[in-house]
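S.K.: Pasting my_file17.txt below, which is compact mmCIF, C-alpha atoms.
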```
# COMPACT_ATOMS: atom_id res chain seq x y z
CA MET A 269 -18.68 -10.41 13.39
CA ILE A 270 -19.96 -7.07 12.05
CA SER A 271 -16.51 -6.41 10.65
CA LEU A 272 -16.60 -9.71 8.74
CA TYR A 273 -19.91 -8.69 7.13
CA LEU A 274 -18.44 -5.34 6.14
CA GLU A 275 -15.27 -6.96 4.84
CA MET A 276 -17.28 -9.38 2.69
CA PHE A 277 -19.44 -6.55 1.39
CA PHE A 278 -16.45 -4.45 0.34
CA VAL A 279 -14.33 -7.29 -1.07
CA PHE A 280 -17.21 -8.40 -3.28
CA ALA A 281 -17.95 -4.78 -4.20
CA MET A 282 -14.35 -4.45 -5.40
CA ILE A 283 -14.75 -7.67 -7.42
CA GLY A 284 -18.00 -6.32 -8.89
CA LEU A 285 -16.26 -3.13 -9.92
CA PHE A 286 -13.24 -4.77 -11.54
CA CYS A 287 -14.20 -8.19 -12.90
CA PHE A 288 -14.50 -8.07 -16.67
CA GLY A 289 -15.39 -10.70 -19.23
CA GLY A 290 -18.54 -12.26 -17.75
CA GLY A 291 -18.75 -15.57 -15.84
CA TYR A 292 -15.13 -16.67 -15.60
CA GLY A 293 -13.99 -13.06 -15.17
CA ILE A 294 -14.29 -13.65 -11.45
CA LEU A 295 -11.64 -16.41 -11.43
CA PRO A 296 -8.58 -14.10 -11.12
CA PHE A 297 -9.94 -12.57 -7.90
CA ILE A 298 -10.76 -15.77 -6.08
CA GLN A 299 -7.25 -16.94 -5.16
CA GLY A 300 -6.15 -13.72 -3.49
CA GLU A 301 -9.38 -12.26 -2.18
CA VAL A 302 -11.48 -15.24 -1.22
CA ILE A 303 -9.24 -18.30 -0.75
CA GLY A 304 -6.42 -16.14 0.62
CA ARG A 305 -8.75 -14.81 3.32
CA GLY A 306 -9.77 -18.32 4.34
CA TRP A 307 -13.39 -17.80 3.25
CA MET A 308 -13.37 -20.87 1.03
CA THR A 309 -10.88 -23.60 0.06
CA ALA A 310 -9.66 -23.97 -3.52
CA GLN A 311 -11.53 -27.27 -3.76
CA GLU A 312 -14.76 -25.72 -2.52
CA PHE A 313 -14.40 -22.99 -5.11
CA ILE A 314 -14.03 -25.49 -7.93
CA ASN A 315 -17.01 -27.44 -6.54
CA MET A 316 -18.89 -24.14 -6.69
CA ILE A 317 -18.06 -23.67 -10.37
CA ALA A 318 -19.58 -27.09 -11.01
CA VAL A 319 -22.68 -26.31 -8.95
CA SER A 320 -22.97 -23.00 -10.74
CA GLU A 321 -22.68 -24.56 -14.19
CA SER A 322 -25.43 -27.01 -13.38
CA THR A 323 -27.87 -24.60 -11.72
CA PRO A 324 -29.43 -21.51 -13.30
CA GLY A 325 -27.93 -18.10 -12.62
CA PRO A 326 -24.60 -16.28 -12.93
CA LEU A 327 -21.37 -17.69 -11.42
CA GLY A 328 -20.56 -14.44 -9.61
CA ILE A 329 -23.83 -14.41 -7.68
CA ASN A 330 -23.44 -18.08 -6.81
CA VAL A 331 -19.90 -17.67 -5.47
CA ALA A 332 -20.79 -14.55 -3.45
CA THR A 333 -23.87 -16.23 -1.98
CA TYR A 334 -22.01 -19.44 -1.11
CA VAL A 335 -19.09 -17.65 0.55
CA GLY A 336 -21.38 -15.28 2.46
CA PHE A 337 -23.61 -18.12 3.64
CA ARG A 338 -20.68 -20.28 4.69
CA MET A 339 -19.06 -17.48 6.69
CA GLY A 340 -22.12 -15.71 8.11
CA GLY A 341 -25.40 -17.50 7.34
CA ILE A 342 -28.22 -15.75 5.51
CA ALA A 343 -27.09 -12.28 6.67
CA GLY A 344 -23.59 -13.02 5.33
CA ALA A 345 -25.00 -14.19 2.01
CA VAL A 346 -27.01 -10.97 1.73
CA CYS A 347 -23.94 -8.83 2.51
CA SER A 348 -21.58 -10.42 0.00
CA THR A 349 -24.18 -10.67 -2.79
CA ALA A 350 -25.33 -7.08 -2.24
CA GLY A 351 -21.68 -6.01 -2.33
CA LEU A 352 -21.10 -7.75 -5.65
CA MET A 353 -24.22 -6.16 -7.17
CA MET A 354 -23.79 -2.64 -5.81
CA PRO A 355 -21.30 -1.29 -8.38
CA ALA A 356 -23.80 -2.12 -11.14
CA PHE A 357 -26.16 0.57 -9.81
CA PHE A 358 -23.52 3.28 -9.86
CA LEU A 359 -22.18 2.20 -13.23
CA VAL A 360 -25.64 2.14 -14.77
CA MET A 361 -26.76 5.45 -13.26
CA LEU A 362 -23.55 7.41 -13.77
CA VAL A 363 -21.62 5.79 -16.60
CA THR A 364 -24.21 4.47 -19.06
CA ARG A 365 -25.31 7.97 -20.10
CA LEU A 366 -21.69 8.95 -20.74
CA LEU A 367 -21.03 5.82 -22.76
CA ARG A 368 -24.03 6.54 -24.97
CA THR A 369 -22.43 9.78 -26.17
CA GLU A 370 -20.13 9.35 -29.15
CA GLN A 371 -17.04 10.67 -27.36
CA GLY A 372 -17.64 8.63 -24.24
CA GLY A 373 -18.26 5.48 -26.24
CA LYS A 374 -15.01 5.91 -28.18
CA LEU A 375 -13.00 6.54 -25.03
CA TRP A 376 -14.43 3.45 -23.35
CA GLN A 377 -13.64 1.38 -26.43
CA ARG A 378 -10.00 2.48 -26.22
CA PHE A 379 -9.82 1.30 -22.60
CA THR A 380 -11.48 -2.03 -23.28
CA ILE A 381 -9.10 -2.83 -26.14
CA GLY A 382 -6.39 -3.08 -23.49
CA ILE A 383 -8.53 -4.58 -20.74
CA ARG A 384 -9.72 -7.58 -22.79
CA PRO A 385 -6.31 -9.21 -23.38
CA VAL A 386 -5.27 -8.56 -19.76
CA VAL A 387 -8.41 -10.38 -18.60
CA VAL A 388 -7.59 -13.26 -20.96
CA GLY A 389 -4.08 -13.50 -19.46
CA LEU A 390 -5.48 -13.38 -15.92
CA ILE A 391 -8.01 -16.11 -16.69
CA PHE A 392 -5.28 -18.28 -18.28
CA TYR A 393 -3.24 -17.96 -15.12
CA ALA A 394 -6.24 -18.71 -12.89
CA ALA A 395 -7.08 -21.75 -15.05
CA TRP A 396 -3.51 -23.00 -14.68
CA SER A 397 -3.65 -22.57 -10.88
CA ILE A 398 -6.94 -24.46 -10.74
CA ALA A 399 -5.56 -27.27 -12.90
CA LYS A 400 -2.55 -27.57 -10.59
CA THR A 401 -4.74 -27.72 -7.48
CA VAL A 402 -7.00 -30.40 -8.91
CA LEU A 403 -4.60 -32.56 -10.90
CA MET A 404 -1.41 -32.52 -8.82
CA HIS A 405 -0.91 -33.82 -5.31
CA THR A 406 2.10 -33.20 -3.16
CA GLY A 407 2.66 -36.46 -1.30
CA THR A 408 5.58 -38.14 0.43
CA ALA A 409 7.07 -39.02 -2.95
CA GLY A 410 7.06 -35.41 -4.19
CA ILE A 411 4.62 -34.01 -6.70
CA GLN A 412 2.32 -36.60 -8.21
CA LEU A 413 -0.07 -36.33 -11.10
CA ASP A 414 -3.60 -37.64 -10.57
CA TRP A 415 -4.00 -39.65 -13.78
CA THR A 416 -7.74 -40.28 -13.41
CA GLY A 417 -8.12 -36.53 -13.04
CA VAL A 418 -5.98 -35.79 -16.09
CA PHE A 419 -8.05 -38.22 -18.14
CA LEU A 420 -11.34 -36.68 -16.92
CA ALA A 421 -10.08 -33.14 -17.56
CA ALA A 422 -9.07 -34.06 -21.12
CA ALA A 423 -12.50 -35.66 -21.61
CA GLY A 424 -14.18 -32.53 -20.26
CA PHE A 425 -12.14 -30.30 -22.57
CA LEU A 426 -12.99 -32.35 -25.65
CA ALA A 427 -16.64 -32.72 -24.68
CA VAL A 428 -17.06 -28.95 -24.53
CA GLN A 429 -14.64 -27.89 -27.27
CA LYS A 430 -15.23 -30.53 -29.92
CA PHE A 431 -18.55 -32.18 -29.21
CA LYS A 432 -20.42 -29.20 -27.69
CA ILE A 433 -21.97 -31.35 -24.97
CA HIS A 434 -24.13 -29.35 -22.55
CA PRO A 435 -22.32 -28.61 -19.25
CA VAL A 436 -25.29 -29.79 -17.17
CA LEU A 437 -25.24 -33.21 -18.83
CA LEU A 438 -21.45 -33.47 -18.51
CA ILE A 439 -21.33 -32.49 -14.83
CA GLY A 440 -24.34 -34.64 -13.98
CA THR A 441 -22.73 -37.71 -15.55
CA ALA A 442 -19.38 -37.10 -13.85
CA ALA A 443 -21.13 -36.61 -10.49
CA ILE A 444 -23.07 -39.87 -10.72
CA LEU A 445 -20.06 -41.89 -11.89
CA GLY A 446 -17.83 -40.22 -9.29
CA ALA A 447 -20.27 -40.99 -6.48
CA LEU A 448 -20.21 -44.65 -7.53
CA PHE A 449 -16.57 -45.24 -8.47
CA ALA A 450 -14.29 -42.53 -7.05
CA GLY A 451 -12.25 -42.81 -3.88
CA MET B 211 -46.72 -0.70 -8.97
CA GLN B 212 -48.22 -3.29 -11.27
CA GLU B 213 -45.58 -2.60 -13.87
CA LEU B 214 -42.77 -2.95 -11.33
CA TRP B 215 -44.19 -6.31 -10.30
CA LYS B 216 -44.32 -7.36 -13.94
CA LEU B 217 -40.67 -6.35 -14.45
CA PHE B 218 -39.64 -8.23 -11.31
CA TRP B 219 -41.44 -11.32 -12.51
CA ILE B 220 -39.87 -11.18 -16.01
CA PHE B 221 -36.35 -10.99 -14.58
CA PHE B 222 -37.07 -13.53 -11.86
CA ARG B 223 -38.11 -16.04 -14.50
CA ILE B 224 -35.02 -15.30 -16.60
CA GLY B 225 -32.83 -15.77 -13.51
CA ALA B 226 -34.60 -18.99 -12.55
CA PHE B 227 -34.56 -20.77 -15.88
CA THR B 228 -31.40 -19.69 -17.71
CA PHE B 229 -28.38 -21.94 -17.39
CA GLY B 230 -24.97 -20.59 -18.34
CA GLY B 231 -24.85 -16.97 -17.19
CA GLY B 232 -24.67 -13.69 -19.09
CA TYR B 233 -23.96 -14.73 -22.65
CA VAL B 234 -26.96 -17.04 -22.66
CA MET B 235 -29.18 -14.57 -20.81
CA ILE B 236 -28.70 -11.54 -23.06
CA PRO B 237 -30.64 -12.91 -26.08
CA ILE B 238 -33.43 -14.11 -23.76
CA ILE B 239 -33.66 -10.69 -22.11
CA GLN B 240 -33.83 -9.16 -25.57
CA HIS B 241 -36.67 -11.45 -26.57
CA GLU B 242 -38.70 -10.92 -23.38
CA ILE B 243 -38.31 -7.14 -23.10
CA SER B 244 -38.69 -5.98 -26.68
CA GLU B 245 -40.51 -8.74 -28.55
CA LYS B 246 -42.78 -10.40 -26.04
CA TYR B 247 -43.71 -7.52 -23.71
CA LYS B 248 -42.79 -4.59 -25.99
CA LEU B 249 -41.45 -2.53 -23.09
CA MET B 250 -38.63 -0.94 -25.09
CA GLU B 251 -37.66 -0.26 -28.71
CA GLU B 252 -35.32 -2.92 -30.02
CA GLU B 253 -32.64 -0.44 -31.04
CA GLU B 254 -32.47 1.28 -27.67
CA LEU B 255 -32.47 -2.06 -25.89
CA SER B 256 -29.55 -3.45 -27.89
CA GLU B 257 -27.58 -0.27 -27.26
CA LEU B 258 -28.13 -0.69 -23.50
CA LEU B 259 -27.23 -4.38 -23.64
CA VAL B 260 -23.98 -3.75 -25.51
CA ILE B 261 -22.95 -1.29 -22.81
CA ALA B 262 -24.08 -3.64 -20.02
CA GLN B 263 -21.87 -6.36 -21.49
CA SER B 264 -18.80 -4.15 -21.67
CA LEU B 265 -19.14 -2.90 -18.07
CA PRO B 266 -17.45 -4.79 -15.23
CA GLY B 267 -19.44 -7.00 -12.88
CA VAL B 268 -22.11 -9.63 -13.34
CA MET B 269 -23.46 -9.22 -16.85
CA ALA B 270 -27.03 -10.29 -16.10
CA VAL B 271 -27.21 -7.87 -13.16
CA ASN B 272 -25.84 -5.04 -15.30
CA ALA B 273 -28.40 -5.71 -18.01
CA ALA B 274 -31.31 -5.94 -15.55
CA THR B 275 -30.22 -2.79 -13.69
CA SER B 276 -29.83 -0.85 -16.89
CA ILE B 277 -33.24 -1.83 -18.28
CA GLY B 278 -34.97 -1.23 -14.95
CA PHE B 279 -33.35 2.20 -14.58
CA ASN B 280 -34.39 3.22 -18.06
CA LEU B 281 -37.98 2.13 -17.64
CA LYS B 282 -38.72 3.01 -14.00
CA GLY B 283 -35.77 4.93 -12.55
CA LYS B 284 -33.93 3.90 -9.39
CA THR B 285 -36.75 1.74 -8.04
CA GLY B 286 -36.93 -0.07 -11.37
CA ALA B 287 -33.18 -0.69 -11.32
CA ILE B 288 -33.34 -2.25 -7.86
CA ILE B 289 -36.44 -4.33 -8.62
CA CYS B 290 -35.01 -5.79 -11.85
CA ALA B 291 -31.60 -6.54 -10.32
CA LEU B 292 -33.23 -8.26 -7.36
CA GLY B 293 -35.44 -10.24 -9.72
CA VAL B 294 -32.57 -11.61 -11.78
CA ALA B 295 -30.33 -12.43 -8.78
CA LEU B 296 -32.90 -13.81 -6.33
CA PRO B 297 -33.38 -17.27 -7.90
CA SER B 298 -29.65 -18.12 -7.82
CA PHE B 299 -29.39 -16.67 -4.32
CA LEU B 300 -32.16 -18.95 -3.06
CA ILE B 301 -30.89 -22.01 -4.94
CA ILE B 302 -27.33 -21.57 -3.62
CA VAL B 303 -28.43 -20.97 -0.01
CA PHE B 304 -30.43 -24.21 -0.23
CA LEU B 305 -27.57 -26.18 -1.84
CA ALA B 306 -24.86 -24.66 0.39
CA ASN B 307 -26.88 -25.84 3.37
CA LEU B 308 -26.93 -29.40 2.01
CA ILE B 309 -23.30 -29.39 0.86
CA LEU B 310 -21.98 -28.08 4.18
CA ARG B 311 -24.11 -30.59 6.11
CA TYR B 312 -23.17 -33.68 4.07
CA ASN B 313 -19.56 -32.62 3.49
CA ASP B 314 -18.20 -35.85 4.98
CA ASN B 315 -20.33 -38.21 2.92
CA PRO B 316 -17.95 -40.34 0.82
CA HIS B 317 -20.34 -40.47 -2.16
CA LEU B 318 -20.67 -36.69 -2.24
CA GLN B 319 -16.89 -36.38 -1.97
CA GLY B 320 -16.44 -38.87 -4.80
CA ALA B 321 -18.94 -37.03 -6.96
CA PHE B 322 -17.16 -33.71 -6.44
CA GLN B 323 -13.73 -35.30 -6.98
CA TRP B 324 -14.65 -36.36 -10.52
CA VAL B 325 -16.63 -33.22 -11.21
CA ARG B 326 -13.67 -31.00 -10.28
CA ALA B 327 -11.50 -32.72 -12.87
CA ILE B 328 -14.20 -32.23 -15.51
CA VAL B 329 -14.44 -28.55 -14.53
CA VAL B 330 -10.69 -28.15 -15.18
CA GLY B 331 -11.29 -29.26 -18.77
CA MET B 332 -14.30 -26.99 -19.12
CA ILE B 333 -12.37 -23.94 -17.88
CA ALA B 334 -9.54 -24.72 -20.28
CA ALA B 335 -12.03 -24.85 -23.16
CA ALA B 336 -13.57 -21.53 -22.05
CA ALA B 337 -10.12 -19.91 -21.78
CA VAL B 338 -9.21 -21.03 -25.29
CA LYS B 339 -12.48 -19.64 -26.65
CA LEU B 340 -11.96 -16.36 -24.82
CA GLY B 341 -8.38 -15.98 -26.04
CA LYS B 342 -9.04 -16.75 -29.71
CA PRO B 343 -10.19 -13.26 -30.84
CA CYS B 344 -7.01 -11.73 -29.32
CA LEU B 345 -4.56 -14.10 -31.00
CA LYS B 346 -4.35 -12.27 -34.32
CA ASN B 347 -3.29 -8.96 -32.81
CA GLY B 348 0.40 -8.75 -31.85
CA ARG B 349 -0.02 -6.02 -29.26
CA GLN B 350 -2.89 -7.83 -27.60
CA LEU B 351 -0.78 -11.02 -27.48
CA VAL B 352 1.94 -9.08 -25.67
CA LEU B 353 -0.65 -7.87 -23.15
CA ILE B 354 -1.91 -11.44 -22.60
CA ALA B 355 1.64 -12.66 -21.92
CA ALA B 356 2.44 -9.69 -19.68
CA ALA B 357 -0.74 -10.18 -17.64
CA LEU B 358 0.01 -13.90 -17.27
CA LEU B 359 3.56 -13.31 -16.04
CA LEU B 360 2.63 -10.46 -13.69
CA ALA B 361 -0.28 -12.49 -12.27
CA ALA B 362 2.21 -15.30 -11.60
CA ALA B 363 4.38 -12.72 -9.80
CA ASP B 364 1.39 -11.98 -7.50
CA VAL B 365 0.54 -8.54 -8.86
CA HIS B 366 -3.05 -7.71 -7.89
CA PRO B 367 -5.62 -8.19 -10.71
CA VAL B 368 -7.05 -4.69 -10.15
CA VAL B 369 -3.61 -3.19 -10.86
CA LEU B 370 -3.28 -5.27 -14.01
CA ILE B 371 -6.75 -4.33 -15.26
CA LEU B 372 -6.06 -0.64 -14.71
CA GLY B 373 -2.73 -1.14 -16.49
CA GLY B 374 -4.56 -2.81 -19.37
CA ALA B 375 -6.96 0.14 -19.63
CA ALA B 376 -4.00 2.54 -19.74
CA ALA B 377 -2.23 0.41 -22.34
CA GLY B 378 -5.38 0.31 -24.46
CA TYR B 379 -5.66 4.08 -24.26
CA GLY B 380 -2.00 4.50 -25.26
CA MET B 381 -2.18 1.87 -28.02
CA THR B 382 -5.10 3.47 -29.84
CA ARG B 383 -3.99 7.08 -29.66
CA PRO B 384 -2.41 7.47 -33.13
CA GLU B 385 -5.50 6.27 -35.02
CA GLU B 386 -7.68 8.62 -32.98
CA LYS B 387 -5.48 11.57 -33.87
CA THR B 388 -5.47 10.95 -37.60
CA ALA B 389 -9.24 10.47 -37.52
CA LYS B 390 -9.64 13.79 -35.74
CA GLU B 391 -7.33 15.62 -38.14
CA GLY B 392 -9.33 14.25 -41.04
CA ASP B 393 -12.55 15.48 -39.47
CA SER B 394 -11.41 19.02 -38.74
CA PRO B 395 -12.45 21.65 -41.30
```
Would you kindly transcribe this structure into structure tokens?
M.R.:
Amino acid sequence: MISLYLEMFFVFAMIGLFCFGGGYGILPFIQGEVIGRGWMTAQEFINMIAVSESTPGPLGINVATYVGFRMGGIAGAVCSTAGLMMPAFFLVMLVTRLLRTEQGGKLWQRFTIGIRPVVVGLIFYAAWSIAKTVLMHTGTAGIQLDWTGVFLAAAGFLAVQKFKIHPVLLIGTAAILGALFAG
Amino acid sequence: MQELWKLFWIFFRIGAFTFGGGYVMIPIIQHEISEKYKLMEEEELSELLVIAQSLPGVMAVNAATSIGFNLKGKTGAIICALGVALPSFLIIVFLANLILRYNDNPHLQGAFQWVRAIVVGMIAAAAVKLGKPCLKNGRQLVLIAAALLLAAADVHPVVLILGGAAAGYGMTRPEEKTAKEGDSP
């Protein structure tokens, strides 16, 4: 049990040290490090994104807390969340001063010019994997597309992209309608 | 002590009432710290926030840690980070408890089934928005494609991110050199 706590602490510390790009920057790590270890199913993770979008607070903290709590109760939640947050202390104490010098700032900028597009590619791939998990089902008749899902996903895309509808409103509506009509 | 408590409370409120993560939180942090409570000069604060946003990890935690460290040292860093993370921690522990308990309820399952599909659309929209600034630059496009393909081939994201940093360093070298030559007396 102790080893699980340690493992969660260090896996989330690694994510905290390498996830770039804010909120969705955590997506590329979930498949291999969290779902792959059996800490959470893909569906639970996507549920968690929805919960996270409709409650205050950062996605990373929410995912770490949920996974930790699910695997090891309150102590587990503390371990994984502390792990995720720990690199911030070292980065702030050791790196921020360097980055505020002209040379350090320039060097960091050169690194991030390459990191940004890589993160975009990683998030595209993660988004594709999530879409496959949610919208395709492998049944007896081979791979089938869930047409209700495809319609809802398209509606979600347009609602955010074109009509700038607030995520909380969108998710709340989908949840109520889903509770009544899905299944 | 009183000031630490005040800092904790400022970040706790930001963590408790801001929907949408880092990008939404940064302007609110700016308003609270420099305009409302006048704890830091605006210029210094924006410099710290720009760095906090470019560092890896949870943006809100980086920002809180950085501000806390600058105002009150290590204790300040810990207090501010705890303040900003605690509300989501408590909310998720509460919700996780409910979700795990009522997992088998058909209405909850139905709600999540529709919500998951909506989330797919929302992630796609976010990905498009994120990718847009990189689309004009040919070399960055190549990096996007390379990262996508290598991720599909199961290469670990940490390796790809380190590779991206190296590529960025290599890509920008010539401009750096000419700038330096121009500067030298």
S.K.: Please report, as JSON lines, each residue of stretch 221-333 of chain B lying at most 7 Å from stretch 288-307 of chain A, together with the nearest pair of atoms and the separation in Å rounded to one decimal; use only C-alpha atoms, and order rows by chain and ascending residue number.
M.R.:
```
{"residue": "B:Gly231", "atom": "CA", "partner": "A:Gly291", "partner_atom": "CA", "distance": 6.4}
{"residue": "B:Gly232", "atom": "CA", "partner": "A:Gly290", "partner_atom": "CA", "distance": 6.4}
{"residue": "B:Pro266", "atom": "CA", "partner": "A:Phe288", "partner_atom": "CA", "distance": 4.6}
{"residue": "B:Gly267", "atom": "CA", "partner": "A:Phe288", "partner_atom": "CA", "distance": 6.3}
{"residue": "B:Val268", "atom": "CA", "partner": "A:Gly290", "partner_atom": "CA", "distance": 6.3}
{"residue": "B:Met269", "atom": "CA", "partner": "A:Gly290", "partner_atom": "CA", "distance": 5.9}
```
S.K.: Please produce a file of the residues just selected, as an mmCIF file, in the coordinates of the input, where the atoms kept are C-alpha atoms.
M.R.:
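Ended up saving to result11.cif:
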```cif
data_model
loop_
_atom_site.group_PDB
_atom_site.id
_atom_site.type_symbol
_atom_site.label_atom_id
_atom_site.label_comp_id
_atom_site.auth_asym_id
_atom_site.auth_seq_id
_atom_site.Cartn_x
_atom_site.Cartn_y
_atom_site.Cartn_z
ATOM 1 C CA GLY B 231 -24.850 -16.970 -17.190
ATOM 2 C CA GLY B 232 -24.670 -13.690 -19.090
ATOM 3 C CA PRO B 266 -17.450 -4.790 -15.230
ATOM 4 C CA GLY B 267 -19.440 -7.000 -12.880
ATOM 5 C CA VAL B 268 -22.110 -9.630 -13.340
ATOM 6 C CA MET B 269 -23.460 -9.220 -16.850
#
```
S.K.: Which residues are close to B:Gln263, i.e. within 12 Å by only C-alpha atoms, leaving aside same-chain residues fewer than 2 positions away? Reply as a VMD selection string.
M.R.: (chain A and resid 287 to 291 356 359 to 360 364 380) or (chain B and resid 231 to 237 256 to 261 265 to 276)
S.K.: Generate the output file for the selected residues, C-alpha atoms, as a JSON list (two decimals), in the coordinates of the input.
M.R.:
```
[["chain", "number", "residue", "atom", "x", "y", "z"],
["A", 287, "CYS", "CA", -14.20, -8.19, -12.90],
["A", 288, "PHE", "CA", -14.50, -8.07, -16.67],
["A", 289, "GLY", "CA", -15.39, -10.70, -19.23],
["A", 290, "GLY", "CA", -18.54, -12.26, -17.75],
["A", 291, "GLY", "CA", -18.75, -15.57, -15.84],
["A", 356, "ALA", "CA", -23.80, -2.12, -11.14],
["A", 359, "LEU", "CA", -22.18, 2.20, -13.23],
["A", 360, "VAL", "CA", -25.64, 2.14, -14.77],
["A", 364, "THR", "CA", -24.21, 4.47, -19.06],
["A", 380, "THR", "CA", -11.48, -2.03, -23.28],
["B", 231, "GLY", "CA", -24.85, -16.97, -17.19],
["B", 232, "GLY", "CA", -24.67, -13.69, -19.09],
["B", 233, "TYR", "CA", -23.96, -14.73, -22.65],
["B", 234, "VAL", "CA", -26.96, -17.04, -22.66],
["B", 235, "MET", "CA", -29.18, -14.57, -20.81],
["B", 236, "ILE", "CA", -28.70, -11.54, -23.06],
["B", 237, "PRO", "CA", -30.64, -12.91, -26.08],
["B", 256, "SER", "CA", -29.55, -3.45, -27.89],
["B", 257, "GLU", "CA", -27.58, -0.27, -27.26],
["B", 258, "LEU", "CA", -28.13, -0.69, -23.50],
["B", 259, "LEU", "CA", -27.23, -4.38, -23.64],
["B", 260, "VAL", "CA", -23.98, -3.75, -25.51],
["B", 261, "ILE", "CA", -22.95, -1.29, -22.81],
["B", 265, "LEU", "CA", -19.14, -2.90, -18.07],
["B", 266, "PRO", "CA", -17.45, -4.79, -15.23],
["B", 267, "GLY", "CA", -19.44, -7.00, -12.88],
["B", 268, "VAL", "CA", -22.11, -9.63, -13.34],
["B", 269, "MET", "CA", -23.46, -9.22, -16.85],
["B", 270, "ALA", "CA", -27.03, -10.29, -16.10],
["B", 271, "VAL", "CA", -27.21, -7.87, -13.16],
["B", 272, "ASN", "CA", -25.84, -5.04, -15.30],
["B", 273, "ALA", "CA", -28.40, -5.71, -18.01],
["B", 274, "ALA", "CA", -31.31, -5.94, -15.55],
["B", 275, "THR", "CA", -30.22, -2.79, -13.69],
["B", 276, "SER", "CA", -29.83, -0.85, -16.89]]
```
S.K.: To one decimal in Å, tell me the separation between atom CA of B:Leu353 and atom CA of A:Ala399.
M.R.: 22.5 Å
S.K.: For stretch 322-338 of chain B, list every protein, DNA or RNA residue within 7 Å, evaluated using all atoms listed in the file, and leave out those in the same chain fewer than 3 positions away; present the list as a PyMOL selection string.
M.R.: (chain A and resi 314-315+318+391-392+395+398-399+402+417+420-422+424-425+428-429+439+442-443+446) or (chain B and resi 318-319+341-342)
S.K.: Measuring atom to atom with all atoms listed in the file, identify which of A:Met276, A:Val319, A:Ala447, A:Ile283 is nearest to chain B.
M.R.: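 That would be A:Ala447, the residue with the smallest distance to chain B.
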S.K.: Point out the residue among A:His434, A:Gly341, A:Phe358, A:Leu272 with the least atom-to-atom distance to B:Phe229, counting only C-alpha atoms.
M.R.: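 Smallest distance to B:Phe229 is found for A:His434.
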S.K.: Can you tell me, as a list in words, what residues are no more than 6 Å from B:Ala357 when counting all atoms listed in the file, ignoring any on the same chain fewer than 6 positions away?
M.R.: Val386, Gly389 and Leu390 of chain A
S.K.: Go ahead and compute the interatomic distance for atom CA of A:Leu413 and atom CA of A:Val335, in Å to one decimal.
M.R.: 29.1 Å
S.K.: With only C-alpha atoms as the atoms that count, which of A:Trp415, A:Gly328, A:Lys432, A:Ala350 lies nearest to chain B?
M.R.: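 Looking only at the distances to chain B, the closest residue turns out to be A:Gly328.
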S.K.: Applying 12 Å and only C-alpha atoms, which residues near A:Leu274 remain after dropping the ones on its own chain fewer than 6 positions away? List them as a PyMOL selection string.
M.R.: chain A and resi 280-281+336+340+343-351
S.K.: Could you dump the residues just selected with C-alpha atoms as a PDB file, keeping the file's coordinate frame?
M.R.:
```
ATOM      1  CA  PHE A 280     -17.210  -8.400  -3.280  1.00  0.00           C
ATOM      2  CA  ALA A 281     -17.950  -4.780  -4.200  1.00  0.00           C
ATOM      3  CA  GLY A 336     -21.380 -15.280   2.460  1.00  0.00           C
ATOM      4  CA  GLY A 340     -22.120 -15.710   8.110  1.00  0.00           C
ATOM      5  CA  ALA A 343     -27.090 -12.280   6.670  1.00  0.00           C
ATOM      6  CA  GLY A 344     -23.590 -13.020   5.330  1.00  0.00           C
ATOM      7  CA  ALA A 345     -25.000 -14.190   2.010  1.00  0.00           C
ATOM      8  CA  VAL A 346     -27.010 -10.970   1.730  1.00  0.00           C
ATOM      9  CA  CYS A 347     -23.940  -8.830   2.510  1.00  0.00           C
ATOM     10  CA  SER A 348     -21.580 -10.420   0.000  1.00  0.00           C
ATOM     11  CA  THR A 349     -24.180 -10.670  -2.790  1.00  0.00           C
ATOM     12  CA  ALA A 350     -25.330  -7.080  -2.240  1.00  0.00           C
ATOM     13  CA  GLY A 351     -21.680  -6.010  -2.330  1.00  0.00           C
TER      14      GLY A 351
END
```
S.K.: Could you please determine the separation between atom CA of A:Leu285 and atom CA of B:Pro367 in Å, to one decimal place?
M.R.: 11.8 Å
S.K.: Of the candidates B:Val352, B:Ile243, B:Ile224, B:Ala362, which one gets nearest to B:Leu296 if we count all atoms listed in the file?
M.R.: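 The closest residue to B:Leu296 is B:Ile224.
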S.K.: What are the centre and edge lengths in Å, to one decimal, of the axis-aligned box around all listed atoms of stretch 384-394 of chain A with 3 Å added on each side, as JSON?
M.R.:
```
{"center_x": -6.5, "center_y": -13.1, "center_z": -18.1, "size_x": 12.5, "size_y": 17.1, "size_z": 16.5}
```
